[in-house]
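Asks: Input: one structure, supplied below.
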Amino acid sequence: MTAKKKQSKTSGNNGDGVIRVNVGGKQLTSWGGTVWQADRDYVEGGWGCLDTGTTGIQTTADDVANSDNVAVFNTMRVGERLRYRFDLPNGTYRVRLLFAEIYWTTSDAEQQQVRVQGKAVLSHFNIFDQTGHDAAYEKVVKAKVTSGRLDIECIGQSLPMHSGARISAIEVRALGRTRAAPKKAKTTTKGPFNVVLGSFDTLRRDHLHAYGHPKKLSPVIDNLAQRGVMFENCVVNCGWTLPQHITLHTGAYPLNHGLIFLARIKRLGKRFTTLAETFRSHGYMTFGFGNQNGYGGGWEYGFDRGMRHYTTVFPHNNMMELAPTAIGSALRAAQGTPFFLYLHTNDTHEPFDASDPFGTKWGGRYINKYEGEVSYVDHYFGKILDELRNLGVLEKTLIVVTSDHGSEFAEHGFYEKKLNLYEEIAQTPLIMCLPGVLPARARVPGLCQTTDIAPTILDLCSLPLPDRIDGRSLLPRIQRKRGKGWPIVFAHTLHEVIFNYEHFSARTDRYKFIRCAPFNKRPDRMRGNVGERFARLLEVSQVRKGYCRELYDLRNDPQEHSNIISEAPKIAADLEHRLNGWIKECSYVTRKPGMA
């Protein structure tokens, strides 16, 4: 095929070191929310399908259900190949291949081999067997360019061959450099904007009135939700504090940043960039205020990186009543300079001991003491906002309220030990407020995750995204430029001491698959509460080869009381397959179960 020279606004390098193309012939949004533009012409220096003109392949816009198109399928034989060539500078690139099952309804669909730079990255690949009907599958690989071009090939290994409908989109991203700053959103308030990122440890989403709690425990946070944006379905990437907070600061999956353990201390690797480092490198004053819970802000883990002023002198309990004065002093020192401020409080974490009048405000039961902590934190967070208001900077400050995970109140029989990835742990609040920039009373449906918070903050501040961010900015969804959320979110929890287990989950809007690997031969015989928990898990889960497996239909069973893995084995198998693919993509080696 002769290369066409027509330049296209929708193809080629878009200015941030990324080339994207929708092979199928029309605009497509991937499962991650990326928009792949429609343009099938080969553009020198951009992208191209070299063989389209000779194979007669159809596009995603064609009606292949029509019987008149059968002849097209029959003309495509075993061994036929489609080649895509990108003219690129020499270097290392991240290649994402998006496959979409569009036409076939059975596993009789063709198999193919996919090669990148002559190396097979998929062999005997069948999209239906990978994802099921009407679904998508992504393959991510690294590739080196040494001769000025990148070649991708799809080679038929069975009949019929219809690769063009299978590989739907391609993205090529240069590695080893920082992404360019995103385009600024249209605003009525001019930046630069200050940022306050508040993480309230163990704060359950459903215990904020804005998210439906019947009691008005949190009027300050509720008011932020009215003045800004509330994300309806933000979920965790891990079930406990340390990995979640490192993910909050880096946008990297726990399996990628590696701080996932209790048994040993390790600082965050230099290849990861924290929010504070990015802000400080762009002229911001950076502050961090934490307590003696090192998992949410300990120096030993690297939370201080990029901070101009950082302190963790506050106590485990009743920190928030001390924070407004300290934070106010820091902000006055930064007057005239944009600032980034991180606040982590442990007050909503057990043991609950809020000072008066909050400790007994809602009653004397265990759950009432937690409600008192929520009100305590909310009240004194309001005092911090008052400091911003008194300094005249509140209206130019992005306020972000979130949590590392939820808490247990006997939904599955137990309290507080977090030995699960059920919804009471997995659901977290996420509220953002920036008047004049973010809309008021906005509600964003669909799945988002902790990894998305850092890139969203940087996007709103028009700052570049560092490499090694796994999340995506939520700003396009806020602006309704991209409607759907993540089709699937993965979480991981590893406890090497006391509990001795490794947990994974794969969650869609409707289903959640959970897999647990206990390290002990008889975990149900472990002492005390831990053994009791494993005894319950062994009763409700499907145990196979030492793994405990669960599947829940969140639409019909939001409390996750009925494990349907025996009734829906194909759904469980599909989610586990996609989970295993994510684990492999993160280059992580799972621990082996100890049970027989």
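As shown in the structure tokens, the chain order sets the letters A, B, ...; within each chain, residues go from 1, and ligands are also counted from 1 in the order they appear.
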Could you give me the residues within stretch 455-500 of chain A that DSSP places in strand (DSSP E or B), as a ChimeraX atom specification?
Replies: /A:489-495
Asks: May I have the selected residues written with N, CA and C atoms, as a compact mmCIF listing (two decimals), in the first residue's frame?
Replies:
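The result, stored in selection-v7.txt:
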# COMPACT_ATOMS: atom_id res chain seq x y z
N VAL A 489 -11.55 -2.60 38.52
CA VAL A 489 -10.54 -2.08 39.43
C VAL A 489 -10.02 -3.23 40.27
N PHE A 490 -8.70 -3.26 40.46
CA PHE A 490 -8.06 -4.34 41.19
C PHE A 490 -7.53 -3.83 42.53
N ALA A 491 -7.54 -4.71 43.52
CA ALA A 491 -7.01 -4.37 44.84
C ALA A 491 -6.19 -5.53 45.37
N HIS A 492 -5.26 -5.21 46.27
CA HIS A 492 -4.36 -6.23 46.82
C HIS A 492 -4.07 -5.88 48.27
N THR A 493 -4.05 -6.87 49.12
CA THR A 493 -3.65 -6.70 50.51
C THR A 493 -2.74 -7.85 50.91
N LEU A 494 -1.58 -7.52 51.48
CA LEU A 494 -0.64 -8.52 51.98
C LEU A 494 -0.39 -8.25 53.46
N HIS A 495 -0.61 -9.26 54.29
CA HIS A 495 -0.26 -9.17 55.72
C HIS A 495 0.68 -10.32 56.05
Asks: Can you tell me, as a list in words, what residues are no more than 8 Å from A:Ile514 when counting only C-alpha atoms, ignoring any on the same chain fewer than 6 positions away?
Replies: Leu421, His503, Phe504, Ser505, Ala506, Arg549, Glu550 and Leu551 of chain A
Asks: Could those residues be written to a file, using N, CA, C and O atoms, as a PDB file, in the first residue's frame?
Replies:
ATOM      1  N   LEU A 421     -11.669  -7.594  51.832  1.00  0.00           N
ATOM      2  CA  LEU A 421     -11.773  -6.565  50.798  1.00  0.00           C
ATOM      3  C   LEU A 421     -13.240  -6.362  50.421  1.00  0.00           C
ATOM      4  O   LEU A 421     -13.561  -6.049  49.289  1.00  0.00           O
ATOM      5  N   HIS A 503      -4.433 -11.183  49.807  1.00  0.00           N
ATOM      6  CA  HIS A 503      -5.792 -10.996  49.313  1.00  0.00           C
ATOM      7  C   HIS A 503      -5.755 -10.233  47.994  1.00  0.00           C
ATOM      8  O   HIS A 503      -4.989  -9.277  47.854  1.00  0.00           O
ATOM      9  N   PHE A 504      -6.596 -10.613  47.044  1.00  0.00           N
ATOM     10  CA  PHE A 504      -6.779  -9.867  45.803  1.00  0.00           C
ATOM     11  C   PHE A 504      -8.277  -9.715  45.540  1.00  0.00           C
ATOM     12  O   PHE A 504      -9.078 -10.570  45.936  1.00  0.00           O
ATOM     13  N   SER A 505      -8.628  -8.650  44.836  1.00  0.00           N
ATOM     14  CA  SER A 505     -10.004  -8.520  44.361  1.00  0.00           C
ATOM     15  C   SER A 505     -10.002  -7.894  42.978  1.00  0.00           C
ATOM     16  O   SER A 505      -9.106  -7.136  42.613  1.00  0.00           O
ATOM     17  N   ALA A 506     -11.021  -8.251  42.205  1.00  0.00           N
ATOM     18  CA  ALA A 506     -11.274  -7.654  40.897  1.00  0.00           C
ATOM     19  C   ALA A 506     -12.735  -7.216  40.904  1.00  0.00           C
ATOM     20  O   ALA A 506     -13.633  -8.049  41.069  1.00  0.00           O
ATOM     21  N   ARG A 549     -12.011 -18.552  47.326  1.00  0.00           N
ATOM     22  CA  ARG A 549     -12.553 -17.705  46.261  1.00  0.00           C
ATOM     23  C   ARG A 549     -13.998 -17.331  46.560  1.00  0.00           C
ATOM     24  O   ARG A 549     -14.791 -18.165  47.016  1.00  0.00           O
ATOM     25  N   GLU A 550     -14.334 -16.056  46.248  1.00  0.00           N
ATOM     26  CA  GLU A 550     -15.690 -15.557  46.434  1.00  0.00           C
ATOM     27  C   GLU A 550     -16.090 -14.725  45.232  1.00  0.00           C
ATOM     28  O   GLU A 550     -15.256 -14.080  44.596  1.00  0.00           O
ATOM     29  N   LEU A 551     -17.385 -14.707  44.922  1.00  0.00           N
ATOM     30  CA  LEU A 551     -17.938 -13.864  43.867  1.00  0.00           C
ATOM     31  C   LEU A 551     -19.256 -13.295  44.356  1.00  0.00           C
ATOM     32  O   LEU A 551     -20.127 -14.040  44.827  1.00  0.00           O
TER      33      LEU A 551
END
Asks: Just give me the gap between atom CA of A:Pro439 and atom CA of A:Leu398 in Å, one decimal is fine.
Replies: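 Here the two named atoms are 12.3 Å from each other.
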Asks: One decimal, Å: what's the distance from atom CA of A:Gly581 over to atom CA of A:Ala596, could you say?
Replies: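 Separation of atom CA of A:Gly581 and atom CA of A:Ala596: 25.1 Å.
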Asks: Which distance in Å separates atom CA of A:Ile384 and atom CA of A:Pro435, to one decimal?
Replies: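 Those two atoms sit 17.2 Å apart.
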Asks: Neighbours of A:Thr273 within 10 Å (only C-alpha atoms; same-chain residues fewer than 4 positions away dropped), as JSON, numbers by chain?
Replies: {"A": [249, 250, 251, 252, 268, 269, 277, 278, 305, 306, 465, 466, 467, 468, 469]}
Asks: Based on the selection just made, write all heavy atoms of those residues as a CSV table (one decimal), in the first residue's frame.
Replies:
chain,number,residue,atom,x,y,z
A,249,HIS,N,-0.2,9.4,47.1
A,249,HIS,CA,0.9,10.4,46.8
A,249,HIS,C,1.5,10.2,45.4
A,249,HIS,O,2.2,11.1,44.9
A,249,HIS,CB,1.9,10.4,47.9
A,249,HIS,CG,1.5,11.1,49.1
A,249,HIS,ND1,1.8,12.4,49.4
A,249,HIS,CD2,0.8,10.7,50.2
A,249,HIS,CE1,1.3,12.8,50.6
A,249,HIS,NE2,0.6,11.7,51.1
A,250,THR,N,1.4,9.0,44.9
A,250,THR,CA,2.2,8.7,43.6
A,250,THR,C,1.3,8.4,42.4
A,250,THR,O,1.7,8.5,41.3
A,250,THR,CB,3.1,7.6,43.8
A,250,THR,OG1,2.4,6.4,44.1
A,250,THR,CG2,4.1,7.8,45.0
A,251,GLY,N,0.1,8.0,42.7
A,251,GLY,CA,-0.8,7.5,41.6
A,251,GLY,C,-0.4,6.1,41.1
A,251,GLY,O,-0.9,5.7,40.0
A,252,ALA,N,0.5,5.4,41.8
A,252,ALA,CA,1.0,4.1,41.3
A,252,ALA,C,0.3,3.0,42.1
A,252,ALA,O,0.0,3.1,43.3
A,252,ALA,CB,2.5,4.0,41.6
A,268,LEU,N,10.2,4.7,49.7
A,268,LEU,CA,9.7,4.7,48.4
A,268,LEU,C,10.8,4.9,47.4
A,268,LEU,O,11.7,5.7,47.6
A,268,LEU,CB,8.7,5.9,48.2
A,268,LEU,CG,8.1,6.2,46.8
A,268,LEU,CD1,7.2,5.0,46.4
A,268,LEU,CD2,7.4,7.5,46.8
A,269,GLY,N,10.8,4.1,46.3
A,269,GLY,CA,11.9,4.1,45.3
A,269,GLY,C,12.0,5.5,44.6
A,269,GLY,O,11.0,6.1,44.4
A,277,GLU,N,6.8,16.5,45.5
A,277,GLU,CA,8.0,16.8,44.7
A,277,GLU,C,7.6,17.5,43.4
A,277,GLU,O,8.3,18.4,43.0
A,277,GLU,CB,8.7,15.4,44.3
A,277,GLU,CG,9.4,14.8,45.5
A,277,GLU,CD,10.0,13.4,45.1
A,277,GLU,OE1,9.3,12.6,44.6
A,277,GLU,OE2,11.2,13.2,45.4
A,278,THR,N,6.5,17.1,42.8
A,278,THR,CA,6.1,17.8,41.6
A,278,THR,C,5.7,19.3,41.9
A,278,THR,O,6.1,20.2,41.2
A,278,THR,CB,4.9,17.1,41.0
A,278,THR,OG1,5.3,15.8,40.6
A,278,THR,CG2,4.4,17.8,39.7
A,305,ARG,N,9.2,13.3,51.3
A,305,ARG,CA,9.9,13.7,50.0
A,305,ARG,C,9.2,14.8,49.4
A,305,ARG,O,7.9,14.8,49.1
A,305,ARG,CB,10.0,12.5,49.1
A,305,ARG,CG,11.2,11.6,49.4
A,305,ARG,CD,11.4,10.4,48.6
A,305,ARG,NE,10.9,10.5,47.2
A,305,ARG,CZ,10.8,9.5,46.4
A,305,ARG,NH1,11.3,8.3,46.7
A,305,ARG,NH2,10.4,9.7,45.1
A,306,GLY,N,9.9,15.9,49.1
A,306,GLY,CA,9.3,17.1,48.4
A,306,GLY,C,8.7,18.1,49.4
A,306,GLY,O,8.3,19.1,48.9
A,465,LEU,N,2.3,15.3,34.5
A,465,LEU,CA,2.1,14.1,35.2
A,465,LEU,C,3.5,13.3,35.1
A,465,LEU,O,4.0,13.1,33.9
A,465,LEU,CB,1.0,13.2,34.6
A,465,LEU,CG,-0.4,13.8,34.4
A,465,LEU,CD1,-1.3,12.7,34.0
A,465,LEU,CD2,-0.8,14.4,35.8
A,466,PRO,N,4.1,12.9,36.2
A,466,PRO,CA,5.3,12.2,36.1
A,466,PRO,C,5.1,10.8,35.5
A,466,PRO,O,3.9,10.3,35.3
A,466,PRO,CB,5.7,12.0,37.6
A,466,PRO,CG,4.9,13.0,38.3
A,466,PRO,CD,3.6,13.2,37.5
A,467,ASP,N,6.2,10.1,35.1
A,467,ASP,CA,6.0,8.8,34.6
A,467,ASP,C,5.6,7.9,35.8
A,467,ASP,O,5.7,8.3,37.0
A,467,ASP,CB,7.4,8.3,34.1
A,467,ASP,CG,7.8,8.9,32.8
A,467,ASP,OD1,6.8,9.4,32.1
A,467,ASP,OD2,9.0,9.0,32.5
A,468,ARG,N,5.2,6.7,35.5
A,468,ARG,CA,4.9,5.7,36.5
A,468,ARG,C,3.6,6.0,37.3
A,468,ARG,O,3.4,5.6,38.5
A,468,ARG,CB,6.0,5.4,37.5
A,468,ARG,CG,7.3,4.9,36.8
A,468,ARG,CD,8.4,4.5,37.7
A,468,ARG,NE,9.6,4.1,37.0
A,468,ARG,CZ,9.7,2.8,36.5
A,468,ARG,NH1,8.8,2.0,36.7
A,468,ARG,NH2,10.8,2.5,35.9
A,469,ILE,N,2.7,6.8,36.7
A,469,ILE,CA,1.4,7.0,37.3
A,469,ILE,C,0.5,6.0,36.6
A,469,ILE,O,0.4,5.9,35.4
A,469,ILE,CB,0.9,8.4,37.1
A,469,ILE,CG1,1.5,9.3,38.1
A,469,ILE,CG2,-0.6,8.5,37.1
A,469,ILE,CD1,1.0,10.8,38.1
Asks: Compile the contact shell of A:Ile564 as a ChimeraX atom specification: residues with an atom at most 7 Å away, counting only C-alpha atoms, same-chain residues fewer than 2 positions apart removed.
Replies: /A:551-552,562,566-568
Asks: Which polymer residues have any atom within 7 Å of an atom of stretch 428-433 of chain A, counting only C-alpha atoms, with same-chain residues fewer than 2 positions away left out, as a list in words?
Replies: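 Result of the neighbour search: Arg204, Arg205, Leu224, Ala225, Arg227, Gly228, Val229, Met230, Phe231, Cys234, Val235, Val236, Leu398, Ile399, Val400, Val401, Thr402, Ser403, His405, Gly406, Ala426, Pro435 and Leu438 of chain A.
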Asks: Taking only stretch 349-415 of chain A into account, list the residues labelled helix (DSSP H, G or I) by DSSP (computed from the backbone), as a list in words.
Replies: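 For stretch 349-415 of chain A, the helix (DSSP H, G or I) set is Tyr366, Ile367, Asn368, Lys369, Tyr370, Glu371, Gly372, Glu373, Val374, Ser375, Tyr376, Val377, Asp378, His379, Tyr380, Phe381, Gly382, Lys383, Ile384, Leu385, Asp386, Glu387, Leu388, Arg389, Asn390, Leu394, Glu395 and Lys396 of chain A.
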Asks: Keeping only N, CA, C and O atoms, write the selected residues to a file as an mmCIF file, in the first residue's frame.
Replies:
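As a result, result.cif now contains:
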data_model
loop_
_atom_site.group_PDB
_atom_site.id
_atom_site.type_symbol
_atom_site.label_atom_id
_atom_site.label_comp_id
_atom_site.auth_asym_id
_atom_site.auth_seq_id
_atom_site.Cartn_x
_atom_site.Cartn_y
_atom_site.Cartn_z
ATOM 1 N N TYR A 366 -20.511 1.425 70.508
ATOM 2 C CA TYR A 366 -19.278 1.426 69.714
ATOM 3 C C TYR A 366 -19.451 2.241 68.437
ATOM 4 O O TYR A 366 -18.620 3.098 68.110
ATOM 5 N N ILE A 367 -20.539 2.000 67.727
ATOM 6 C CA ILE A 367 -20.776 2.706 66.473
ATOM 7 C C ILE A 367 -20.981 4.195 66.732
ATOM 8 O O ILE A 367 -20.578 5.049 65.920
ATOM 9 N N ASN A 368 -21.573 4.554 67.895
ATOM 10 C CA ASN A 368 -21.789 5.968 68.212
ATOM 11 C C ASN A 368 -20.457 6.689 68.458
ATOM 12 O O ASN A 368 -20.303 7.858 68.108
ATOM 13 N N LYS A 369 -19.507 5.985 69.054
ATOM 14 C CA LYS A 369 -18.187 6.588 69.278
ATOM 15 C C LYS A 369 -17.494 6.874 67.953
ATOM 16 O O LYS A 369 -16.803 7.893 67.809
ATOM 17 N N TYR A 370 -17.679 5.978 66.980
ATOM 18 C CA TYR A 370 -17.125 6.236 65.648
ATOM 19 C C TYR A 370 -17.803 7.452 65.016
ATOM 20 O O TYR A 370 -17.146 8.316 64.410
ATOM 21 N N GLU A 371 -19.121 7.528 65.161
ATOM 22 C CA GLU A 371 -19.847 8.685 64.648
ATOM 23 C C GLU A 371 -19.349 9.978 65.289
ATOM 24 O O GLU A 371 -19.229 11.019 64.622
ATOM 25 N N GLY A 372 -19.011 9.897 66.571
ATOM 26 C CA GLY A 372 -18.461 11.062 67.251
ATOM 27 C C GLY A 372 -17.115 11.470 66.672
ATOM 28 O O GLY A 372 -16.819 12.668 66.549
ATOM 29 N N GLU A 373 -16.303 10.481 66.301
ATOM 30 C CA GLU A 373 -15.007 10.795 65.682
ATOM 31 C C GLU A 373 -15.200 11.476 64.330
ATOM 32 O O GLU A 373 -14.454 12.392 63.970
ATOM 33 N N VAL A 374 -16.186 11.021 63.562
ATOM 34 C CA VAL A 374 -16.462 11.644 62.266
ATOM 35 C C VAL A 374 -16.836 13.108 62.471
ATOM 36 O O VAL A 374 -16.328 14.008 61.775
ATOM 37 N N SER A 375 -17.692 13.365 63.433
ATOM 38 C CA SER A 375 -18.093 14.750 63.706
ATOM 39 C C SER A 375 -16.934 15.575 64.244
ATOM 40 O O SER A 375 -16.795 16.769 63.914
ATOM 41 N N TYR A 376 -16.096 14.959 65.062
ATOM 42 C CA TYR A 376 -14.920 15.644 65.615
ATOM 43 C C TYR A 376 -13.979 16.087 64.499
ATOM 44 O O TYR A 376 -13.560 17.253 64.424
ATOM 45 N N VAL A 377 -13.652 15.167 63.598
ATOM 46 C CA VAL A 377 -12.752 15.484 62.491
ATOM 47 C C VAL A 377 -13.372 16.543 61.588
ATOM 48 O O VAL A 377 -12.701 17.490 61.148
ATOM 49 N N ASP A 378 -14.648 16.392 61.300
ATOM 50 C CA ASP A 378 -15.336 17.336 60.431
ATOM 51 C C ASP A 378 -15.318 18.744 61.024
ATOM 52 O O ASP A 378 -15.056 19.734 60.322
ATOM 53 N N HIS A 379 -15.574 18.856 62.315
ATOM 54 C CA HIS A 379 -15.627 20.159 62.971
ATOM 55 C C HIS A 379 -14.285 20.882 62.859
ATOM 56 O O HIS A 379 -14.229 22.068 62.469
ATOM 57 N N TYR A 380 -13.206 20.183 63.179
ATOM 58 C CA TYR A 380 -11.907 20.847 63.191
ATOM 59 C C TYR A 380 -11.336 21.007 61.777
ATOM 60 O O TYR A 380 -10.513 21.900 61.544
ATOM 61 N N PHE A 381 -11.800 20.200 60.851
ATOM 62 C CA PHE A 381 -11.437 20.468 59.463
ATOM 63 C C PHE A 381 -12.073 21.783 59.019
ATOM 64 O O PHE A 381 -11.479 22.551 58.246
ATOM 65 N N GLY A 382 -13.252 22.057 59.510
ATOM 66 C CA GLY A 382 -13.887 23.345 59.249
ATOM 67 C C GLY A 382 -13.052 24.503 59.781
ATOM 68 O O GLY A 382 -12.989 25.581 59.162
ATOM 69 N N LYS A 383 -12.393 24.310 60.933
ATOM 70 C CA LYS A 383 -11.522 25.349 61.479
ATOM 71 C C LYS A 383 -10.327 25.605 60.552
ATOM 72 O O LYS A 383 -9.853 26.746 60.427
ATOM 73 N N ILE A 384 -9.824 24.545 59.910
ATOM 74 C CA ILE A 384 -8.730 24.714 58.951
ATOM 75 C C ILE A 384 -9.206 25.508 57.737
ATOM 76 O O ILE A 384 -8.500 26.397 57.235
ATOM 77 N N LEU A 385 -10.408 25.217 57.285
ATOM 78 C CA LEU A 385 -10.965 25.989 56.173
ATOM 79 C C LEU A 385 -11.179 27.446 56.577
ATOM 80 O O LEU A 385 -11.010 28.357 55.747
ATOM 81 N N ASP A 386 -11.513 27.679 57.847
ATOM 82 C CA ASP A 386 -11.643 29.056 58.329
ATOM 83 C C ASP A 386 -10.311 29.790 58.236
ATOM 84 O O ASP A 386 -10.273 30.999 57.923
ATOM 85 N N GLU A 387 -9.214 29.093 58.523
ATOM 86 C CA GLU A 387 -7.888 29.708 58.389
ATOM 87 C C GLU A 387 -7.649 30.133 56.937
ATOM 88 O O GLU A 387 -7.116 31.225 56.674
ATOM 89 N N LEU A 388 -8.031 29.269 55.995
ATOM 90 C CA LEU A 388 -7.882 29.608 54.583
ATOM 91 C C LEU A 388 -8.745 30.813 54.221
ATOM 92 O O LEU A 388 -8.322 31.709 53.472
ATOM 93 N N ARG A 389 -9.957 30.839 54.752
ATOM 94 C CA ARG A 389 -10.872 31.943 54.463
ATOM 95 C C ARG A 389 -10.328 33.254 55.025
ATOM 96 O O ARG A 389 -10.372 34.308 54.360
ATOM 97 N N ASN A 390 -9.789 33.208 56.239
ATOM 98 C CA ASN A 390 -9.258 34.419 56.873
ATOM 99 C C ASN A 390 -8.052 34.969 56.117
ATOM 100 O O ASN A 390 -7.801 36.193 56.132
ATOM 101 N N LEU A 394 -9.181 30.803 50.291
ATOM 102 C CA LEU A 394 -10.048 29.633 50.220
ATOM 103 C C LEU A 394 -10.617 29.445 48.819
ATOM 104 O O LEU A 394 -10.686 28.324 48.305
ATOM 105 N N GLU A 395 -11.016 30.544 48.177
ATOM 106 C CA GLU A 395 -11.656 30.436 46.869
ATOM 107 C C GLU A 395 -10.674 30.062 45.766
ATOM 108 O O GLU A 395 -11.084 29.763 44.647
ATOM 109 N N LYS A 396 -9.383 30.096 46.043
ATOM 110 C CA LYS A 396 -8.372 29.688 45.064
ATOM 111 C C LYS A 396 -7.656 28.419 45.515
ATOM 112 O O LYS A 396 -6.536 28.150 45.093
#
Asks: Considering only C-alpha atoms, can you say which of A:His412, A:Thr312, A:Ile565, A:Gly258 comes closest to A:Val589?
Replies: A:Gly258
